[in-house]
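Enquirer: One file: input02.cif (mmCIF, C-alpha atoms).
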```cif
data_final
loop_
_atom_site.label_atom_id
_atom_site.label_comp_id
_atom_site.auth_asym_id
_atom_site.auth_seq_id
_atom_site.Cartn_x
_atom_site.Cartn_y
_atom_site.Cartn_z
CA MET Z 1 128.13 88.94 70.91
CA THR Z 2 126.55 91.96 69.33
CA ASP Z 3 122.81 91.66 68.65
CA THR Z 4 121.43 93.36 65.55
CA ALA Z 5 117.68 94.01 65.47
CA SER Z 6 115.70 93.76 62.27
CA PRO Z 7 112.73 96.07 61.51
CA SER Z 8 110.37 93.45 62.94
CA GLY Z 9 112.30 93.39 66.20
CA ALA Z 10 113.96 90.02 65.54
CA ILE Z 11 117.64 89.49 65.98
CA SER Z 12 119.86 88.09 63.28
CA GLY Z 13 123.36 86.78 63.32
CA THR Z 14 123.61 83.15 64.52
CA PRO Z 15 122.19 79.77 63.46
CA LEU Z 16 120.22 79.51 66.72
CA GLU Z 17 118.60 82.88 66.12
CA ALA Z 18 117.60 81.77 62.63
CA ALA Z 19 116.20 78.55 64.08
CA VAL Z 20 114.15 80.52 66.60
CA ARG Z 21 112.66 82.67 63.85
CA GLY Z 22 111.95 79.54 61.82
CA ALA Z 23 110.17 77.89 64.74
CA LEU Z 24 108.04 80.97 65.34
CA ALA Z 25 107.21 81.14 61.63
CA ARG Z 26 105.40 77.82 62.06
CA VAL Z 27 103.12 79.20 64.80
CA MET Z 28 99.83 80.30 63.27
CA ASP Z 29 97.51 83.07 64.46
CA PRO Z 30 94.21 81.16 64.81
CA ASP Z 31 92.04 84.09 63.68
CA ARG Z 32 94.16 85.57 60.89
CA GLY Z 33 95.36 82.36 59.26
CA GLN Z 34 99.01 83.39 58.94
CA ASP Z 35 102.13 82.79 61.00
CA ILE Z 36 103.05 85.26 63.69
CA VAL Z 37 106.37 86.22 62.08
CA SER Z 38 104.82 87.14 58.71
CA LEU Z 39 102.17 89.15 60.55
CA GLY Z 40 104.87 91.16 62.35
CA MET Z 41 103.63 90.04 65.76
CA VAL Z 42 107.03 88.92 67.08
CA GLN Z 43 108.91 91.81 68.68
CA GLY Z 44 111.95 92.34 70.89
CA LEU Z 45 113.50 88.95 70.16
CA VAL Z 46 116.67 88.39 72.19
CA VAL Z 47 118.79 85.24 71.90
CA ARG Z 48 121.81 85.01 74.15
CA ASP Z 49 123.75 81.96 75.34
CA GLY Z 50 120.78 79.65 74.75
CA HIS Z 51 118.26 81.87 76.52
CA VAL Z 52 115.45 83.33 74.40
CA GLY Z 53 113.04 86.17 75.11
CA PHE Z 54 110.43 87.83 72.90
CA SER Z 55 106.98 89.41 72.91
CA ILE Z 56 103.93 88.75 70.75
CA GLU Z 57 102.00 91.92 69.94
CA VAL Z 58 98.25 91.45 69.68
CA ASP Z 59 95.13 93.58 69.46
CA PRO Z 60 93.97 94.48 73.00
CA ALA Z 61 90.52 93.03 72.33
CA ARG Z 62 92.02 89.64 71.47
CA GLY Z 63 94.53 89.53 74.28
CA PRO Z 64 92.52 87.56 76.87
CA LYS Z 65 91.96 84.57 74.53
CA LEU Z 66 95.45 84.33 73.03
CA GLU Z 67 97.26 82.73 75.94
CA PRO Z 68 97.29 79.38 74.02
CA LEU Z 69 99.09 81.19 71.16
CA ARG Z 70 101.76 82.45 73.57
CA GLN Z 71 102.20 78.97 75.01
CA ALA Z 72 102.46 77.45 71.52
CA ALA Z 73 105.16 79.94 70.53
CA GLU Z 74 107.09 79.33 73.73
CA SER Z 75 106.84 75.55 73.32
CA ALA Z 76 107.96 75.71 69.68
CA VAL Z 77 111.13 77.57 70.60
CA HIS Z 78 111.81 75.52 73.73
CA ALA Z 79 111.85 72.34 71.62
CA LEU Z 80 114.84 73.60 69.61
CA PRO Z 81 118.27 72.05 70.32
CA GLY Z 82 120.46 74.50 72.19
CA VAL Z 83 117.62 76.47 73.79
CA LEU Z 84 117.92 76.49 77.58
CA SER Z 85 115.03 78.77 78.49
CA VAL Z 86 112.26 80.74 76.80
CA THR Z 87 110.37 83.79 78.07
CA ALA Z 88 107.44 84.83 75.86
CA VAL Z 89 104.97 87.55 76.78
CA LEU Z 90 101.82 88.94 75.19
CA THR Z 91 101.66 92.70 74.64
CA ALA Z 92 98.72 94.76 73.40
CA GLU Z 93 100.12 97.66 71.39
CA SER Z 94 98.01 97.68 68.23
CA SER Z 95 95.96 100.61 69.42
CA GLY Z 96 99.09 102.68 69.96
CA LYS Z 97 98.80 102.75 73.73
CA ALA Z 98 98.02 100.45 76.58
CA ALA Z 99 94.39 99.95 77.48
CA PRO Z 100 93.26 102.27 80.27
CA ALA Z 101 92.93 100.88 83.74
CA LYS Z 102 91.25 102.22 86.82
CA PRO Z 103 93.25 102.71 90.01
CA THR Z 104 92.69 99.95 92.53
CA GLY Z 105 94.39 101.32 95.64
CA GLY Z 106 93.07 100.53 99.07
CA ALA Z 107 90.96 97.56 98.07
CA GLY Z 108 91.79 93.89 98.18
CA PRO Z 109 93.46 92.33 95.12
CA SER Z 110 91.70 91.40 91.90
CA LYS Z 111 90.66 87.78 92.40
CA ALA Z 112 91.18 87.03 88.72
CA LEU Z 113 94.85 88.08 88.84
CA VAL Z 114 96.02 86.72 92.20
CA PRO Z 115 93.07 84.84 93.68
CA GLY Z 116 94.77 83.58 96.82
CA VAL Z 117 96.51 86.80 97.93
CA SER Z 118 94.91 88.94 100.62
CA PHE Z 119 97.09 92.05 100.38
CA ILE Z 120 99.72 93.41 97.97
CA VAL Z 121 102.24 96.03 99.11
CA ALA Z 122 104.72 97.82 96.83
CA VAL Z 123 108.16 98.83 98.07
CA ALA Z 124 109.23 101.73 95.88
CA SER Z 125 111.69 104.59 95.47
CA GLY Z 126 111.95 107.54 93.17
CA LYS Z 127 115.51 106.56 92.22
CA GLY Z 128 117.85 103.59 92.30
CA GLY Z 129 120.62 102.94 94.79
CA VAL Z 130 118.72 103.69 98.00
CA GLY Z 131 118.46 100.09 99.25
CA LYS Z 132 114.91 99.42 98.09
CA SER Z 133 115.46 95.71 97.35
CA THR Z 134 117.22 95.12 100.67
CA THR Z 135 114.31 96.80 102.43
CA ALA Z 136 111.76 94.75 100.48
CA ILE Z 137 113.46 91.45 101.31
CA ASN Z 138 113.88 92.15 105.00
CA LEU Z 139 110.32 93.47 105.19
CA ALA Z 140 109.15 90.16 103.69
CA MET Z 141 111.29 88.25 106.19
CA GLY Z 142 109.88 90.30 109.05
CA LEU Z 143 106.34 89.45 107.96
CA ALA Z 144 107.22 85.78 107.61
CA VAL Z 145 108.63 85.49 111.14
CA LYS Z 146 105.28 86.83 112.37
CA GLY Z 147 103.81 83.58 111.09
CA LEU Z 148 102.26 85.07 107.95
CA LYS Z 149 102.28 83.43 104.52
CA VAL Z 150 104.39 85.79 102.43
CA GLY Z 151 105.29 86.12 98.75
CA LEU Z 152 107.94 88.33 97.15
CA LEU Z 153 107.78 89.50 93.53
CA ASP Z 154 110.86 91.04 91.91
CA ALA Z 155 109.29 93.51 89.46
CA ASP Z 156 112.63 95.01 88.42
CA ILE Z 157 112.85 93.35 85.01
CA TYR Z 158 115.99 95.23 83.94
CA GLY Z 159 117.96 94.59 87.13
CA PRO Z 160 116.56 91.60 89.03
CA SER Z 161 118.41 91.04 92.30
CA MET Z 162 116.08 88.79 94.28
CA PRO Z 163 117.54 85.42 93.20
CA ARG Z 164 120.95 86.23 94.65
CA MET Z 165 119.65 88.10 97.70
CA MET Z 166 117.22 85.27 98.49
CA GLY Z 167 119.85 82.57 97.98
CA LEU Z 168 117.87 81.00 95.13
CA ALA Z 169 118.77 79.76 91.65
CA GLY Z 170 117.38 77.65 88.82
CA ARG Z 171 114.27 77.76 86.69
CA PRO Z 172 110.92 77.46 88.51
CA ASP Z 173 109.06 74.16 88.20
CA THR Z 174 105.55 73.76 86.83
CA LYS Z 175 102.95 71.06 87.52
CA ASP Z 176 100.67 71.57 84.53
CA GLY Z 177 102.79 73.48 82.02
CA LYS Z 178 100.70 76.60 82.61
CA LEU Z 179 101.48 77.90 86.09
CA LEU Z 180 105.00 78.33 87.45
CA ILE Z 181 105.71 77.34 91.03
CA PRO Z 182 107.58 80.13 92.83
CA LYS Z 183 110.95 79.36 94.36
CA LYS Z 184 110.99 79.38 98.15
CA ASN Z 185 113.57 80.11 100.84
CA HIS Z 186 113.46 81.38 104.40
CA GLY Z 187 109.69 80.70 104.41
CA VAL Z 188 108.99 83.20 101.59
CA SER Z 189 107.79 82.34 98.07
CA CYS Z 190 109.67 84.32 95.42
CA MET Z 191 109.34 84.98 91.69
CA SER Z 192 111.76 86.95 89.52
CA ILE Z 193 112.64 87.24 85.85
CA GLY Z 194 116.12 86.44 87.13
CA PHE Z 195 115.05 82.80 87.46
CA LEU Z 196 114.32 82.67 83.73
CA VAL Z 197 117.35 84.43 82.22
CA PRO Z 198 121.08 84.39 83.03
CA GLU Z 199 122.22 86.81 85.71
CA ASP Z 200 124.41 88.77 83.27
CA SER Z 201 121.94 88.80 80.35
CA PRO Z 202 120.32 92.21 79.69
CA MET Z 203 116.57 92.48 79.10
CA ILE Z 204 116.22 94.68 76.00
CA TRP Z 205 112.48 95.21 76.33
CA ARG Z 206 110.18 98.19 75.98
CA GLY Z 207 107.70 99.34 78.64
CA PRO Z 208 104.64 97.36 77.46
CA MET Z 209 106.71 94.19 77.25
CA VAL Z 210 107.96 94.73 80.78
CA MET Z 211 104.44 95.26 82.08
CA SER Z 212 103.20 92.11 80.35
CA ALA Z 213 106.02 90.10 81.93
CA ILE Z 214 105.15 91.45 85.38
CA GLU Z 215 101.46 90.63 84.92
CA GLN Z 216 102.36 87.10 83.89
CA MET Z 217 104.59 86.69 86.94
CA LEU Z 218 101.53 87.61 88.98
CA GLY Z 219 98.75 85.82 87.13
CA GLN Z 220 100.62 82.79 85.75
CA VAL Z 221 102.37 81.81 88.98
CA ASP Z 222 100.88 79.44 91.50
CA TRP Z 223 101.22 81.71 94.51
CA GLY Z 224 98.82 79.58 96.52
CA THR Z 225 97.23 81.24 99.53
CA LEU Z 226 99.20 84.24 100.80
CA ASP Z 227 98.48 86.72 103.56
CA ILE Z 228 100.60 89.33 101.81
CA LEU Z 229 102.66 89.75 98.64
CA ILE Z 230 105.54 92.24 98.65
CA ILE Z 231 106.45 93.73 95.26
CA ASP Z 232 109.96 95.11 94.84
CA MET Z 233 109.10 97.87 92.36
CA PRO Z 234 111.41 99.08 89.59
CA PRO Z 235 113.23 102.28 90.61
CA GLY Z 236 111.95 105.61 89.32
CA THR Z 237 108.55 106.93 88.25
CA GLY Z 238 108.42 106.12 84.55
CA ASP Z 239 105.78 104.43 82.43
CA ALA Z 240 106.44 100.93 83.77
CA GLN Z 241 106.10 102.08 87.40
CA LEU Z 242 102.94 104.09 86.73
CA THR Z 243 101.31 101.28 84.78
CA LEU Z 244 102.18 98.76 87.48
CA SER Z 245 100.61 101.04 90.07
CA GLN Z 246 97.44 101.28 88.00
CA ARG Z 247 97.03 97.66 86.94
CA VAL Z 248 98.15 95.75 90.01
CA PRO Z 249 95.67 95.87 92.92
CA LEU Z 250 97.95 97.46 95.49
CA SER Z 251 96.85 97.66 99.11
CA GLY Z 252 99.53 100.25 99.84
CA ALA Z 253 103.07 101.45 99.14
CA VAL Z 254 106.20 101.89 101.24
CA ILE Z 255 108.62 104.60 100.04
CA VAL Z 256 112.34 104.07 100.64
CA SER Z 257 114.76 106.99 100.62
CA THR Z 258 118.13 108.03 101.93
CA PRO Z 259 118.36 111.21 104.02
CA GLN Z 260 119.93 113.61 101.52
CA ASP Z 261 117.88 116.25 99.72
CA ILE Z 262 118.28 114.87 96.18
CA ALA Z 263 117.03 111.42 97.21
CA LEU Z 264 114.11 112.96 99.09
CA LEU Z 265 113.17 114.96 96.02
CA ASP Z 266 112.90 111.73 94.03
CA ALA Z 267 111.09 110.00 96.89
CA ARG Z 268 108.51 112.79 96.84
CA LYS Z 269 107.92 112.11 93.15
CA GLY Z 270 107.35 108.44 93.88
CA LEU Z 271 104.96 109.24 96.69
CA ASN Z 272 102.97 111.65 94.53
CA MET Z 273 102.73 109.04 91.78
CA PHE Z 274 100.98 106.65 94.16
CA ARG Z 275 98.68 109.39 95.36
CA LYS Z 276 97.65 110.23 91.80
CA VAL Z 277 96.56 106.65 91.19
CA GLU Z 278 94.89 106.48 94.62
CA VAL Z 279 97.21 103.92 96.17
CA PRO Z 280 97.59 104.51 99.93
CA VAL Z 281 101.11 105.48 100.98
CA LEU Z 282 101.83 103.52 104.15
CA GLY Z 283 104.87 105.60 105.04
CA ILE Z 284 108.54 106.40 104.43
CA VAL Z 285 111.65 104.45 105.42
CA GLU Z 286 114.97 106.29 105.85
CA ASN Z 287 117.67 103.87 104.72
CA MET Z 288 121.42 104.45 105.19
CA SER Z 289 120.38 106.85 107.91
CA TYR Z 290 123.79 106.94 109.59
CA PHE Z 291 126.96 104.89 109.98
CA LEU Z 292 128.07 103.55 113.36
CA CYS Z 293 131.73 102.50 113.28
CA PRO Z 294 131.98 98.88 114.46
CA ASN Z 295 135.46 99.50 115.90
CA CYS Z 296 135.21 102.76 117.81
CA GLY Z 297 131.47 103.36 117.96
CA HIS Z 298 131.72 106.79 116.31
CA ARG Z 299 128.54 107.81 114.53
CA SER Z 300 128.82 109.46 111.11
CA GLU Z 301 125.81 110.86 109.27
CA ILE Z 302 127.27 110.31 105.82
CA PHE Z 303 124.15 111.24 103.85
CA ALA Z 304 122.86 113.71 106.47
CA HIS Z 305 120.18 112.46 108.87
CA GLY Z 306 116.51 112.87 109.62
CA GLY Z 307 115.53 114.14 106.19
CA ALA Z 308 113.04 111.36 105.56
CA ARG Z 309 111.39 111.90 108.95
CA ARG Z 310 110.97 115.60 108.22
CA GLU Z 311 109.71 114.85 104.71
CA ALA Z 312 107.15 112.42 106.11
CA GLY Z 313 105.86 115.13 108.41
CA THR Z 314 105.68 117.65 105.56
CA LEU Z 315 103.81 115.24 103.31
CA GLY Z 316 101.48 114.01 106.02
CA VAL Z 317 102.52 110.32 106.00
CA ASP Z 318 103.99 108.09 108.68
CA PHE Z 319 107.71 107.73 109.23
CA LEU Z 320 108.14 103.97 109.48
CA ALA Z 321 111.77 103.15 110.17
CA GLU Z 322 115.34 104.41 110.38
CA ILE Z 323 117.87 101.87 109.08
CA PRO Z 324 121.63 102.54 109.36
CA LEU Z 325 124.31 102.08 106.73
CA ASP Z 326 125.97 98.94 108.02
CA PRO Z 327 128.25 96.42 106.27
CA VAL Z 328 126.48 93.47 107.88
CA ILE Z 329 123.19 94.37 106.18
CA ARG Z 330 124.90 94.38 102.79
CA GLU Z 331 126.90 91.23 103.49
CA THR Z 332 123.91 89.18 104.60
CA SER Z 333 121.83 90.37 101.64
CA ASP Z 334 124.56 89.69 99.08
CA GLY Z 335 125.10 86.26 100.59
CA GLY Z 336 121.46 85.23 100.29
CA HIS Z 337 120.83 85.26 104.04
CA PRO Z 338 118.87 88.45 104.91
CA ILE Z 339 119.72 89.87 108.31
CA VAL Z 340 116.24 89.28 109.76
CA ILE Z 341 116.85 85.55 109.31
CA SER Z 342 120.60 85.23 109.71
CA ARG Z 343 121.02 87.58 112.71
CA PRO Z 344 117.58 87.79 114.33
CA ASP Z 345 118.92 89.19 117.61
CA SER Z 346 120.62 92.19 115.98
CA PRO Z 347 119.12 95.69 116.34
CA HIS Z 348 118.91 95.90 112.55
CA ALA Z 349 116.71 92.78 112.41
CA ALA Z 350 114.55 94.29 115.16
CA ALA Z 351 114.12 97.44 113.08
CA TYR Z 352 112.95 95.46 110.05
CA ARG Z 353 110.58 93.43 112.21
CA GLY Z 354 109.16 96.67 113.55
CA LEU Z 355 108.69 97.87 109.99
CA ALA Z 356 106.85 94.62 109.21
CA ASP Z 357 104.61 95.12 112.25
CA ALA Z 358 103.72 98.63 111.10
CA VAL Z 359 102.99 97.58 107.52
CA TRP Z 360 100.84 94.62 108.54
CA ALA Z 361 98.91 96.74 111.03
CA LYS Z 362 98.06 99.23 108.31
CA VAL Z 363 96.96 96.84 105.56
CA SER Z 364 95.15 94.38 107.82
CA GLY Z 365 93.14 97.05 109.61
CA GLU Z 366 94.96 96.95 112.92
CA GLY Z 367 96.46 100.31 111.99
CA ALA Z 368 93.05 101.90 112.44
CA ARG Z 369 93.10 100.86 116.08
CA ARG Z 370 96.67 101.75 116.90
CA ALA Z 371 99.39 103.84 115.32
CA GLY Z 372 102.32 102.06 113.71
CA PRO Z 373 105.61 102.17 115.63
CA LYS Z 374 108.40 104.57 114.80
CA ILE Z 375 111.63 102.61 114.79
CA THR Z 376 115.03 104.07 115.54
CA ILE Z 377 118.24 102.11 116.15
CA ALA Z 378 120.23 103.58 118.98
#
```
Please express the file's structure as structure tokens.
Expert:
Amino acid sequence: MTDTASPSGAISGTPLEAAVRGALARVMDPDRGQDIVSLGMVQGLVVRDGHVGFSIEVDPARGPKLEPLRQAAESAVHALPGVLSVTAVLTAESSGKAAPAKPTGGAGPSKALVPGVSFIVAVASGKGGVGKSTTAINLAMGLAVKGLKVGLLDADIYGPSMPRMMGLAGRPDTKDGKLLIPKKNHGVSCMSIGFLVPEDSPMIWRGPMVMSAIEQMLGQVDWGTLDILIIDMPPGTGDAQLTLSQRVPLSGAVIVSTPQDIALLDARKGLNMFRKVEVPVLGIVENMSYFLCPNCGHRSEIFAHGGARREAGTLGVDFLAEIPLDPVIRETSDGGHPIVISRPDSPHAAAYRGLADAVWAKVSGEGARRAGPKITIA
């Protein structure tokens, strides 16, 4: 199906789409006395295979008190026959740009946003395709096997991969209609936009809409009490990544790169982004560091080797781990059984556990008493 956007951002073309617009036209702005469609507040409407997503643009000053309006709009659409799921987010774009936010790096999280979370760590890369999500998941697993209470947030709205890699599916439950309960597997609580939309459905959203969705997955999810929350960041260093770094109270960031020069160049950009917003960089992970043939044992450095370690030294940050390119890591991740859990005795699982030890030592304060380990798989 081809979606055609109208000037207001709505999509036309099917009876269900018309019904969605009609339902939203009955939702009234409590202060302005008109419906949100007539006021041009509904933007980015996407209707595909019974799944609906849209944003409601509001004045930044009114944003904090309009959560009931968002819930009313979502409920109105969800009540329509043929609607399987609804994702509605508030965005504040009336001023022409997002409201400024102060960097929050190094401190504990904002209690208003995630009141039960002690530390939040971002796993990031300057580019896609370097194994960032695989690293984030196995880092979370490594922290969980230490006995910590761990959460995992998939912040990649455009390409969510956590549901499949965590072996999870289905829409999250809610107890009160306000807070979603994260899905859980392998001892880790997980939230992803992938639980709310079909796996093959694209998210045609602009930057502010993406940021609003991420903030709602943080603040409108019942995370409970967590020792640490791992955020799988979107790849790159664009507006969404920068805004996330500024608005989310990050305790630190882990940079994932492959060894070759072009990936390291992008990793350097990601690292410098965190430094500019005063988020501590905990260190660099070299993923796909080398390939060890499972049949003959021959070692091939497909993407070169050691570049991330050298880059860490140049930039004055710790080198945290060296993870090989190995089919078993991909297979276990694609199958929903991360290698730290499914093959705990493997050297790869040991490397991820070592990475988890180093990260926890740094954010919890133990890193001030002892240096984090440098992990290499022989």
Enquirer: Hey, can you check how far CA of Ser133 (chain Z) sits from CA of Leu355 (chain Z)?
Expert: 14.5 Å
Enquirer: Evaluating the PyMOL selection byres ((chain Z and resi 228) around 7) on the displayed file yields which residues, as an MDAnalysis selection string?
Expert: chainID Z and resid 117:120 149:151 226:227 229:230
Enquirer: Give me, as a compact mmCIF listing (two decimals) with C-alpha atoms, in the coordinates of the input, all polymer residues having an atom no more than 6 Å from region 170-172 of chain Z, counting all atoms listed in the file and skipping those fewer than 3 positions away in the same chain.
Expert:
```txt
# COMPACT_ATOMS: atom_id res chain seq x y z
CA ILE Z 181 105.71 77.34 91.03
CA PHE Z 195 115.05 82.80 87.46
CA LEU Z 196 114.32 82.67 83.73
```
Enquirer: Would you mind telling me which residue in Z:Met141, Z:Ala321, Z:Leu69, Z:Leu153 lies nearest to Ser333 (chain Z) when using all atoms listed in the file?
Expert: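 Ranking Z:Met141, Z:Ala321, Z:Leu69, Z:Leu153 by distance to Ser333 (chain Z), first place goes to Z:Met141.
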Enquirer: Please report the interatomic distance between CA of Ser85 (chain Z) and CA of Met211 (chain Z) in Å with one decimal.
Expert: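 Pair CA of Ser85 (chain Z) / CA of Met211 (chain Z) returns 19.9 Å.
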Enquirer: Can you give me, as JSON, numbers by chain, the residues this file yields under the PyMOL selection byres ((chain Z and resi 335-351) around 9)?
Expert: {"Z": [134, 137, 138, 139, 141, 142, 145, 162, 163, 164, 165, 166, 167, 168, 186, 321, 322, 323, 324, 326, 328, 329, 330, 331, 332, 333, 334, 352, 353, 354, 355, 356, 375, 376, 377, 378]}
Enquirer: Taking the file above as input, evaluate the PyMOL selection byres ((chain Z and resi 180) around 10) and report the hits as a ChimeraX atom specification.
Expert: /Z:171-179,181-183,191,216-217,219-223
Enquirer: Would you mind reading off the distance between CA of Thr91 (chain Z) and CA of Lys65 (chain Z), one decimal, in Å?
Expert: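 Between CA of Thr91 (chain Z) and CA of Lys65 (chain Z) the gap is 12.7 Å.
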Enquirer: Which one of Z:Gly159, Z:Gly187, Z:Gly44, Z:Pro280 sits closest to Pro234 (chain Z) if you count all atoms listed in the file?
Expert: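 Selected residue with least distance to Pro234 (chain Z): Z:Gly159.
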Enquirer: Give me the residues within 8 Å of Ile157 (chain Z) as JSON, numbers by chain, counting all atoms listed in the file and dropping any in the same chain fewer than 4 places off.
Expert: {"Z": [192, 193, 194, 203, 210, 214, 234]}
Enquirer: Given the choices Z:Leu315, Z:Leu24, Z:Leu90, Z:Val281, which gets closest to Ala122 (chain Z) if the distance is worked out from all atoms listed in the file?
Expert: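 Of all the options, Z:Val281 lies closest to Ala122 (chain Z).
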Enquirer: I want to know what sits within 9 Å of Arg309 (chain Z), based on all atoms listed in the file, with residues of the same chain fewer than 2 positions away left out; could you give that as an NGL selection string?
Expert: :Z and (259 or 284-286 or 305-307 or 311-314 or 318-322)
Enquirer: I'd like the neighbourhood of Leu250 (chain Z) as an mmCIF file with C-alpha atoms, keeping the file's coordinate frame, where a residue qualifies if any of its atoms comes within 6 Å (using all atoms listed in the file), though same-chain residues fewer than 2 positions away should be ignored.
Expert:
```
data_model
loop_
_atom_site.group_PDB
_atom_site.id
_atom_site.type_symbol
_atom_site.label_atom_id
_atom_site.label_comp_id
_atom_site.auth_asym_id
_atom_site.auth_seq_id
_atom_site.Cartn_x
_atom_site.Cartn_y
_atom_site.Cartn_z
ATOM 1 C CA GLY Z 105 94.390 101.320 95.640
ATOM 2 C CA ILE Z 120 99.720 93.410 97.970
ATOM 3 C CA VAL Z 121 102.240 96.030 99.110
ATOM 4 C CA VAL Z 248 98.150 95.750 90.010
ATOM 5 C CA GLY Z 252 99.530 100.250 99.840
#
```
Enquirer: Nearest to Thr225 (chain Z) among Z:Ala253, Z:Leu282, Z:Gly116, Z:Gly147, with distances taken over all atoms listed in the file: which residue is it?
Expert: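 Under the stated criterion, the closest residue is Z:Gly116.
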Enquirer: Would you please work out which residue, of Z:Val47, Z:Met288, Z:Ile56, Z:Val363, is nearest to Gly129 (chain Z) when using all atoms listed in the file?
Expert: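 Closest candidate: Z:Met288.
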Enquirer: Kindly extract all protein, DNA and RNA residues lying within 8 Å of the coordinates (92.4, 84.6, 67.4) given in the file, considering all atoms listed in the file, and supply them as number ranges by chain.
Expert: Z: 29-32, 62, 65-66
